[in-house]
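Here is model_16.pdb, consisting of PDB, C-alpha atoms:
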ATOM      1  CA  MET A 947       7.737  10.452  -6.234
ATOM      2  CA  ILE A 948      10.519   8.003  -5.423
ATOM      3  CA  VAL A 949      10.777   5.982  -8.628
ATOM      4  CA  ASP A 950       9.377   7.261 -11.894
ATOM      5  CA  GLU A 951       7.401   5.126 -14.256
ATOM      6  CA  TYR A 952      10.234   4.186 -16.603
ATOM      7  CA  GLU A 953      13.139   3.898 -14.197
ATOM      8  CA  LYS A 954      14.574   0.515 -13.254
ATOM      9  CA  THR A 955      15.868   1.146  -9.787
ATOM     10  CA  ALA A 956      19.432   0.263  -8.870
ATOM     11  CA  ASN A 957      18.570   0.637  -5.203
ATOM     12  CA  PHE A 958      16.757  -1.099  -2.420
ATOM     13  CA  TYR A 959      14.654   1.019  -0.118
ATOM     14  CA  TYR A 960      13.525   0.661   3.474
ATOM     15  CA  ILE A 961      10.597   2.587   4.910
ATOM     16  CA  VAL A 962      11.384   3.826   8.398
ATOM     17  CA  GLU A 963       8.115   5.728   8.700
ATOM     18  CA  GLY A 964       5.233   6.575   6.411
ATOM     19  CA  VAL A 965       3.132   4.822   3.794
ATOM     20  CA  ILE A 966       3.791   4.662   0.070
ATOM     21  CA  CYS A 967       1.917   3.123  -2.812
ATOM     22  CA  VAL A 968       2.754   1.551  -6.137
ATOM     23  CA  GLU A 969       0.741   3.196  -8.897
ATOM     24  CA  ILE A 970       0.307   1.482 -12.250
ATOM     25  CA  LEU A 971      -0.521   3.478 -15.366
ATOM     26  CA  ASN A 972      -3.135   1.550 -17.330
ATOM     27  CA  ASP A 973      -5.043   3.021 -20.282
ATOM     28  CA  GLU A 974      -4.077   6.559 -19.245
ATOM     29  CA  LYS A 975      -5.479   6.002 -15.744
ATOM     30  CA  ARG A 976      -3.479   5.426 -12.572
ATOM     31  CA  TYR A 977      -4.489   2.804 -10.076
ATOM     32  CA  ILE A 978      -2.865   1.631  -6.867
ATOM     33  CA  SER A 979      -1.653  -1.941  -7.085
ATOM     34  CA  SER A 980      -0.272  -2.133  -3.550
ATOM     35  CA  PHE A 981       0.667  -0.279  -0.411
ATOM     36  CA  ILE A 982       4.069  -0.467   1.235
ATOM     37  CA  PHE A 983       4.121   0.172   4.972
ATOM     38  CA  GLU A 984       6.625   1.052   7.692
ATOM     39  CA  ASN A 985       9.448  -1.477   8.155
ATOM     40  CA  ASP A 986       9.019  -2.779   4.605
ATOM     41  CA  PHE A 987      11.717  -3.053   1.982
ATOM     42  CA  PHE A 988      10.998  -2.410  -1.673
ATOM     43  CA  GLY A 989      13.022  -2.418  -4.867
ATOM     44  CA  LEU A 990      13.090  -6.165  -5.466
ATOM     45  CA  ASP A 991      12.362  -5.397  -9.123
ATOM     46  CA  SER A 992      15.989  -4.288  -9.474
ATOM     47  CA  PHE A 993      16.789  -8.008  -9.812
ATOM     48  CA  SER A 994      14.026  -8.760 -12.300
ATOM     49  CA  THR A 995      14.683  -9.467 -15.959
ATOM     50  CA  PHE A 996      11.042  -8.791 -16.882
ATOM     51  CA  LYS A 997       9.989  -5.556 -18.511
ATOM     52  CA  GLN A 998       8.223  -3.427 -15.954
ATOM     53  CA  LYS A 999       4.763  -1.981 -16.305
ATOM     54  CA  ALA A1000       4.654   1.782 -16.408
ATOM     55  CA  HIS A1001       4.521   2.631 -12.721
ATOM     56  CA  SER A1002       5.538   5.041 -10.030
ATOM     57  CA  ILE A1003       6.110   4.749  -6.315
ATOM     58  CA  ARG A1004       4.580   7.610  -4.389
ATOM     59  CA  VAL A1005       4.450   8.692  -0.759
ATOM     60  CA  ILE A1006       0.813   9.043   0.319
ATOM     61  CA  SER A1007       1.300   9.718   4.021
ATOM     62  CA  ASP A1008       1.881  13.268   5.204
ATOM     63  CA  ASN A1009       5.609  12.533   5.407
ATOM     64  CA  ALA A1010       7.942   9.575   5.171
ATOM     65  CA  THR A1011      11.481   8.576   6.007
ATOM     66  CA  ILE A1012      12.964   6.176   3.484
ATOM     67  CA  PHE A1013      16.497   4.819   3.372
ATOM     68  CA  SER A1014      18.031   4.124  -0.016
ATOM     69  CA  LEU A1015      20.676   1.432  -0.317
ATOM     70  CA  PRO A1016      22.502   0.685  -3.592
ATOM     71  CA  LYS A1017      21.878  -2.880  -4.726
ATOM     72  CA  GLU A1018      25.606  -3.677  -4.803
ATOM     73  CA  THR A1019      26.050  -2.448  -1.226
ATOM     74  CA  LEU A1020      23.156  -4.645  -0.122
ATOM     75  CA  LEU A1021      24.658  -7.698  -1.835
ATOM     76  CA  ASP A1022      28.087  -7.025  -0.314
ATOM     77  CA  THR A1023      26.521  -6.654   3.139
ATOM     78  CA  LEU A1024      24.528  -9.871   2.744
ATOM     79  CA  ASN A1025      27.685 -11.743   1.748
ATOM     80  CA  GLU A1026      29.507 -10.403   4.802
ATOM     81  CA  GLN A1027      26.535 -10.811   7.165
ATOM     82  CA  PRO A1028      24.460 -13.744   5.856
ATOM     83  CA  GLN A1029      22.108 -13.640   8.856
ATOM     84  CA  TYR A1030      20.411 -10.650   7.187
ATOM     85  CA  TYR A1031      19.202 -12.831   4.298
ATOM     86  CA  GLU A1032      16.426 -14.187   6.503
ATOM     87  CA  LEU A1033      15.295 -10.691   7.507
ATOM     88  CA  LEU A1034      15.119  -9.558   3.897
ATOM     89  CA  LEU A1035      13.438 -12.700   2.570
ATOM     90  CA  THR A1036      10.925 -12.744   5.429
ATOM     91  CA  ASN A1037      10.023  -9.135   4.716
ATOM     92  CA  PHE A1038       9.487  -9.762   0.995
ATOM     93  CA  ALA A1039       7.506 -12.943   1.717
ATOM     94  CA  ASP A1040       5.261 -10.954   4.078
ATOM     95  CA  ILE A1041       4.717  -8.272   1.429
ATOM     96  CA  PHE A1042       3.787 -10.899  -1.175
ATOM     97  CA  GLN A1043       1.399 -12.607   1.254
ATOM     98  CA  ARG A1044      -0.316  -9.286   1.995
ATOM     99  CA  HIS A1045      -0.582  -8.595  -1.724
ATOM    100  CA  TYR A1046      -2.055 -12.002  -2.541
ATOM    101  CA  GLY A1047      -4.409 -11.762   0.440
ATOM    102  CA  TYR A1048      -6.410  -9.003  -1.253
ATOM    103  CA  PHE A1049      -5.598  -9.896  -4.867
ATOM    104  CA  ASP A1050      -9.028 -11.352  -5.715
ATOM    105  CA  PHE A1051     -11.064  -8.627  -4.004
ATOM    106  CA  LEU A1052     -11.550  -6.829  -7.341
ATOM    107  CA  HIS A1053     -14.217  -9.407  -8.241
ATOM    108  CA  LEU A1054     -16.356  -8.289  -5.297
ATOM    109  CA  PRO A1055     -19.243  -5.818  -5.601
ATOM    110  CA  THR A1056     -18.094  -2.240  -5.007
ATOM    111  CA  THR A1057     -19.310  -1.891  -1.411
ATOM    112  CA  GLU A1058     -17.714  -5.212  -0.418
ATOM    113  CA  ARG A1059     -14.523  -4.155  -2.188
ATOM    114  CA  ILE A1060     -14.443  -0.893  -0.209
ATOM    115  CA  LYS A1061     -15.163  -2.780   3.021
ATOM    116  CA  THR A1062     -12.358  -5.261   2.294
ATOM    117  CA  ALA A1063      -9.928  -2.440   1.480
ATOM    118  CA  LEU A1064     -10.820  -0.564   4.669
ATOM    119  CA  SER A1065     -10.408  -3.730   6.759
ATOM    120  CA  TYR A1066      -7.036  -4.401   5.145
ATOM    121  CA  LEU A1067      -5.812  -0.848   5.681
ATOM    122  CA  SER A1068      -7.101  -0.668   9.260
ATOM    123  CA  GLU A1069      -5.221  -3.867  10.068
ATOM    124  CA  HIS A1070      -1.933  -2.383   8.854
ATOM    125  CA  ILE A1071      -2.155   1.353   9.496
ATOM    126  CA  GLY A1072      -5.315   1.926  11.531
ATOM    127  CA  TYR A1073      -5.257   3.458  14.989
ATOM    128  CA  LEU A1074      -7.274   1.990  17.827
ATOM    129  CA  THR A1075      -9.262   4.838  19.364
ATOM    130  CA  HIS A1076     -10.076   5.284  23.046
ATOM    131  CA  ASP A1077     -13.520   3.776  22.301
ATOM    132  CA  GLU A1078     -11.835   0.777  20.609
ATOM    133  CA  HIS A1079     -12.768   1.671  17.045
ATOM    134  CA  PHE A1080     -10.317   1.726  14.151
ATOM    135  CA  GLU A1081      -9.529   5.112  12.692
ATOM    136  CA  LEU A1082      -7.631   5.318   9.429
ATOM    137  CA  PRO A1083      -5.017   8.019   8.834
ATOM    138  CA  SER A1084      -6.334  11.167   7.156
ATOM    139  CA  PHE A1085      -4.418  10.421   3.949
ATOM    140  CA  ILE A1086      -6.771   7.485   3.251
ATOM    141  CA  THR A1087      -9.234   9.467   1.179
ATOM    142  CA  GLN A1088     -11.924   8.653  -1.353
ATOM    143  CA  GLU A1089      -9.354   9.293  -4.088
ATOM    144  CA  ILE A1090      -6.940   6.725  -2.611
ATOM    145  CA  LEU A1091      -9.774   4.205  -2.153
ATOM    146  CA  SER A1092     -11.002   4.744  -5.721
ATOM    147  CA  LYS A1093      -7.510   4.128  -7.131
ATOM    148  CA  PHE A1094      -6.995   1.013  -5.007
ATOM    149  CA  CYS A1095     -10.489  -0.416  -5.574
ATOM    150  CA  ARG A1096     -10.498   0.594  -9.266
ATOM    151  CA  THR A1097     -13.760   2.460  -9.157
ATOM    152  CA  SER A1098     -14.919   6.064  -9.284
ATOM    153  CA  GLN A1099     -14.860   8.428  -6.328
ATOM    154  CA  SER A1100     -18.637   8.759  -6.584
ATOM    155  CA  ARG A1101     -18.996   4.960  -6.211
ATOM    156  CA  VAL A1102     -16.673   5.087  -3.201
ATOM    157  CA  SER A1103     -18.840   7.833  -1.685
ATOM    158  CA  VAL A1104     -22.020   5.787  -2.198
ATOM    159  CA  SER A1105     -20.365   2.682  -0.724
ATOM    160  CA  LEU A1106     -19.087   4.601   2.310
ATOM    161  CA  SER A1107     -22.620   5.939   2.886
ATOM    162  CA  GLU A1108     -24.018   2.401   2.683
ATOM    163  CA  LEU A1109     -21.422   1.126   5.154
ATOM    164  CA  GLU A1110     -22.218   4.002   7.505
ATOM    165  CA  LYS A1111     -25.982   3.279   7.293
ATOM    166  CA  THR A1112     -25.418  -0.386   8.174
ATOM    167  CA  GLY A1113     -23.359   0.656  11.195
ATOM    168  CA  TRP A1114     -20.124  -0.902   9.953
ATOM    169  CA  LEU A1115     -18.599   2.576   9.645
ATOM    170  CA  LEU A1116     -18.944   5.143  12.393
ATOM    171  CA  LYS A1117     -17.610   7.939  10.218
ATOM    172  CA  LYS A1118     -17.371   8.006   6.431
ATOM    173  CA  LYS A1119     -15.473  11.298   6.250
ATOM    174  CA  VAL A1120     -11.724  11.569   6.768
ATOM    175  CA  PRO A1121     -10.528  10.230   9.111
ATOM    176  CA  ILE A1122     -12.661   7.205   8.240
ATOM    177  CA  THR A1123     -13.624   5.323  11.401
ATOM    178  CA  ILE A1124     -14.639   1.659  11.524
ATOM    179  CA  LYS A1125     -16.932   0.422  14.297
TER
END
Could you express the structure from this file as C-alpha coordinates?
Amino acid sequence: MIVDEYEKTANFYYIVEGVICVEILNDEKRYISSFIFENDFFGLDSFSTFKQKAHSIRVISDNATIFSLPKETLLDTLNEQPQYYELLLTNFADIFQRHYGYFDFLHLPTTERIKTALSYLSEHIGYLTHDEHFELPSFITQEILSKFCRTSQSRVSVSLSELEKTGWLLKKKVPITIK
(Lines of atoms letter the chains of each structure in order from A and count residues from 1; the text may use other names and numbers.)
(Lines give C-alpha, C1' and ligand atoms only; values in the text may rest on other atoms or scores of the structure.)
Protein backbone atom coordinates (compact mmCIF):
# COMPACT_ATOMS: atom_id res chain seq x y z
CA MET A 1 0.00 0.00 0.00
CA ILE A 2 1.40 3.40 -0.95
CA VAL A 3 -0.96 5.77 0.84
CA ASP A 4 -3.14 4.62 3.70
CA GLU A 5 -6.75 5.56 4.04
CA TYR A 6 -6.31 8.48 6.42
CA GLU A 7 -3.05 9.96 5.21
CA LYS A 8 -2.97 13.23 3.29
CA THR A 9 0.06 12.81 1.12
CA ALA A 10 2.77 15.45 1.06
CA ASN A 11 4.22 13.88 -2.06
CA PHE A 12 3.59 13.55 -5.74
CA TYR A 13 4.17 10.17 -7.31
CA TYR A 14 5.06 9.02 -10.80
CA ILE A 15 4.50 5.47 -12.00
CA VAL A 16 7.44 4.27 -14.06
CA GLU A 17 6.03 0.77 -14.44
CA GLY A 18 3.08 -1.15 -13.05
CA VAL A 19 -0.59 -0.53 -12.36
CA ILE A 20 -2.12 0.77 -9.15
CA CYS A 21 -5.67 1.42 -8.07
CA VAL A 22 -7.47 3.82 -5.80
CA GLU A 23 -9.68 1.91 -3.37
CA ILE A 24 -12.49 3.67 -1.54
CA LEU A 25 -13.86 2.27 1.71
CA ASN A 26 -17.64 2.59 1.62
CA ASP A 27 -19.94 0.92 4.16
CA GLU A 28 -17.16 -1.44 5.25
CA LYS A 29 -16.60 -2.58 1.66
CA ARG A 30 -13.72 -1.59 -0.61
CA TYR A 31 -14.30 -0.70 -4.21
CA ILE A 32 -11.94 0.52 -6.91
CA SER A 33 -12.72 4.04 -8.02
CA SER A 34 -9.94 4.29 -10.60
CA PHE A 35 -6.81 2.78 -12.04
CA ILE A 36 -3.53 4.64 -12.43
CA PHE A 37 -1.27 3.40 -15.20
CA GLU A 38 2.37 3.67 -16.26
CA ASN A 39 3.59 7.23 -16.95
CA ASP A 40 0.85 8.71 -14.75
CA PHE A 41 1.34 11.09 -11.87
CA PHE A 42 -0.82 10.92 -8.77
CA GLY A 43 -1.00 12.81 -5.50
CA LEU A 44 -2.90 15.86 -6.74
CA ASP A 45 -5.01 15.59 -3.58
CA SER A 46 -2.05 17.00 -1.64
CA PHE A 47 -3.25 20.42 -2.85
CA SER A 48 -6.91 19.84 -2.01
CA THR A 49 -8.65 21.54 0.89
CA PHE A 50 -11.50 19.01 0.84
CA LYS A 51 -11.72 16.23 3.37
CA GLN A 52 -10.76 12.99 1.70
CA LYS A 53 -12.85 9.86 1.59
CA ALA A 54 -11.35 6.92 3.40
CA HIS A 55 -9.15 5.42 0.70
CA SER A 56 -5.95 3.62 -0.08
CA ILE A 57 -3.71 3.42 -3.11
CA ARG A 58 -2.59 -0.10 -3.84
CA VAL A 59 -0.32 -1.77 -6.38
CA ILE A 60 -2.27 -4.46 -8.24
CA SER A 61 0.32 -5.45 -10.83
CA ASP A 62 2.91 -8.08 -9.97
CA ASN A 63 5.43 -5.30 -9.32
CA ALA A 64 5.73 -1.57 -9.78
CA THR A 65 8.33 1.17 -9.83
CA ILE A 66 7.05 4.43 -8.41
CA PHE A 67 9.00 7.63 -7.85
CA SER A 68 8.05 9.80 -4.89
CA LEU A 69 8.66 13.53 -5.08
CA PRO A 70 7.96 15.88 -2.15
CA LYS A 71 5.36 18.49 -3.07
CA GLU A 72 7.71 21.37 -2.22
CA THR A 73 10.44 19.95 -4.46
CA LEU A 74 7.94 19.66 -7.31
CA LEU A 75 6.82 23.27 -6.85
CA ASP A 76 10.42 24.51 -6.72
CA THR A 77 11.24 22.56 -9.89
CA LEU A 78 8.17 23.92 -11.69
CA ASN A 79 9.15 27.47 -10.76
CA GLU A 80 12.67 26.91 -12.09
CA GLN A 81 11.55 24.94 -15.16
CA PRO A 82 8.06 26.21 -16.10
CA GLN A 83 7.95 24.09 -19.26
CA TYR A 84 7.14 21.11 -17.02
CA TYR A 85 3.79 22.66 -16.02
CA GLU A 86 2.32 21.57 -19.35
CA LEU A 87 3.53 17.99 -18.90
CA LEU A 88 2.01 17.76 -15.44
CA LEU A 89 -1.28 19.43 -16.33
CA THR A 90 -1.65 17.36 -19.50
CA ASN A 91 -1.12 14.18 -17.50
CA PHE A 92 -3.73 15.11 -14.89
CA ALA A 93 -6.19 16.22 -17.59
CA ASP A 94 -5.73 12.84 -19.31
CA ILE A 95 -6.35 11.00 -16.04
CA PHE A 96 -9.54 13.00 -15.40
CA GLN A 97 -10.76 12.37 -18.95
CA ARG A 98 -10.19 8.62 -18.55
CA HIS A 99 -12.03 8.70 -15.23
CA TYR A 100 -15.01 10.60 -16.61
CA GLY A 101 -15.08 8.38 -19.70
CA TYR A 102 -16.23 5.40 -17.63
CA PHE A 103 -17.91 7.32 -14.81
CA ASP A 104 -21.50 6.55 -15.86
CA PHE A 105 -20.92 2.87 -16.63
CA LEU A 106 -22.24 1.88 -13.18
CA HIS A 107 -25.79 2.44 -14.48
CA LEU A 108 -25.33 -0.32 -17.06
CA PRO A 109 -26.53 -3.90 -16.55
CA THR A 110 -23.82 -6.09 -15.01
CA THR A 111 -22.69 -7.83 -18.20
CA GLU A 112 -22.44 -4.52 -20.07
CA ARG A 113 -20.56 -3.04 -17.12
CA ILE A 114 -18.05 -5.91 -17.21
CA LYS A 115 -17.71 -5.56 -20.99
CA THR A 116 -17.11 -1.81 -20.67
CA ALA A 117 -14.53 -2.35 -17.92
CA LEU A 118 -12.70 -4.99 -19.96
CA SER A 119 -12.69 -2.74 -23.04
CA TYR A 120 -11.35 0.15 -20.97
CA LEU A 121 -8.63 -1.96 -19.37
CA SER A 122 -7.62 -3.62 -22.64
CA GLU A 123 -7.21 -0.19 -24.22
CA HIS A 124 -4.79 0.91 -21.50
CA ILE A 125 -2.99 -2.23 -20.35
CA GLY A 126 -4.00 -5.00 -22.75
CA TYR A 127 -1.48 -6.87 -24.88
CA LEU A 128 -2.12 -7.54 -28.54
CA THR A 129 -1.54 -11.25 -29.10
CA HIS A 130 -0.01 -12.85 -32.19
CA ASP A 131 -3.59 -13.62 -33.35
CA GLU A 132 -4.54 -9.94 -32.83
CA HIS A 133 -6.70 -10.45 -29.76
CA PHE A 134 -6.39 -8.42 -26.57
CA GLU A 135 -5.10 -10.24 -23.54
CA LEU A 136 -5.32 -8.58 -20.15
CA PRO A 137 -2.54 -8.96 -17.58
CA SER A 138 -3.01 -11.82 -15.13
CA PHE A 139 -3.61 -9.43 -12.23
CA ILE A 140 -6.98 -8.45 -13.76
CA THR A 141 -9.00 -11.03 -11.89
CA GLN A 142 -12.65 -11.50 -11.01
CA GLU A 143 -11.92 -9.87 -7.65
CA ILE A 144 -10.49 -6.75 -9.32
CA LEU A 145 -13.43 -6.61 -11.76
CA SER A 146 -15.96 -7.03 -8.94
CA LYS A 147 -14.40 -4.15 -6.97
CA PHE A 148 -14.27 -1.89 -10.02
CA CYS A 149 -17.75 -2.78 -11.31
CA ARG A 150 -19.24 -2.80 -7.79
CA THR A 151 -20.77 -6.22 -8.03
CA SER A 152 -20.12 -9.67 -6.60
CA GLN A 153 -17.50 -12.07 -7.92
CA SER A 154 -20.26 -14.55 -8.73
CA ARG A 155 -21.98 -11.92 -10.93
CA VAL A 156 -18.65 -11.24 -12.63
CA SER A 157 -18.26 -14.98 -13.28
CA VAL A 158 -21.75 -15.22 -14.80
CA SER A 159 -21.11 -12.13 -16.96
CA LEU A 160 -17.75 -13.47 -18.17
CA SER A 161 -19.46 -16.75 -19.12
CA GLU A 162 -22.13 -14.83 -21.04
CA LEU A 163 -19.49 -12.79 -22.88
CA GLU A 164 -17.60 -15.98 -23.72
CA LYS A 165 -20.78 -17.65 -25.06
CA THR A 166 -21.50 -14.67 -27.33
CA GLY A 167 -17.96 -14.85 -28.70
CA TRP A 168 -16.91 -11.44 -27.39
CA LEU A 169 -14.45 -13.14 -25.03
CA LEU A 170 -12.15 -15.89 -26.21
CA LYS A 171 -11.09 -16.78 -22.69
CA LYS A 172 -12.86 -15.91 -19.45
CA LYS A 173 -10.13 -17.26 -17.17
CA VAL A 174 -7.00 -15.31 -16.30
CA PRO A 175 -5.48 -14.04 -18.49
CA ILE A 176 -8.81 -12.82 -19.85
CA THR A 177 -8.68 -12.61 -23.65
CA ILE A 178 -10.96 -10.43 -25.78
CA LYS A 179 -11.73 -11.44 -29.37
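Coordinates place CA of Thr1087 (chain A) at a distance of 8.2 Å from CA of Lys1119 (chain A).
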Inset, instruction - Can you work out the spacing between CA of Gly1047 (chain A) and CA of Gln1029 (chain A) in Å, to one decimal? - result: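 We find that CA of Gly1047 (chain A) and CA of Gln1029 (chain A) lie 27.9 Å from each other.
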Legend entry - Interatomic distance (Å, one decimal) between CA of Leu1067 (chain A) and CA of Lys975 (chain A):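 Computed distance, CA of Leu1067 (chain A) to CA of Lys975 (chain A), equals 22.5 Å.
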Inset, instruction - Evaluate the PyMOL selection byres ((chain A and resi 964) around 7) and record the selected residues as a VMD selection string, following the chain and residue labels used in the document. - result: chain A and resid 961 963 965 to 966 983 to 984 1007 1009 to 1011
Inset, instruction - Show me as an MDAnalysis selection string the residues that reach within 8 Å of (-3.6, 1.0, -4.4), counting all atoms listed in the file and using the file's own coordinates. - result: chainID A and resid 967:969 977:981 1090:1091 1093:1095
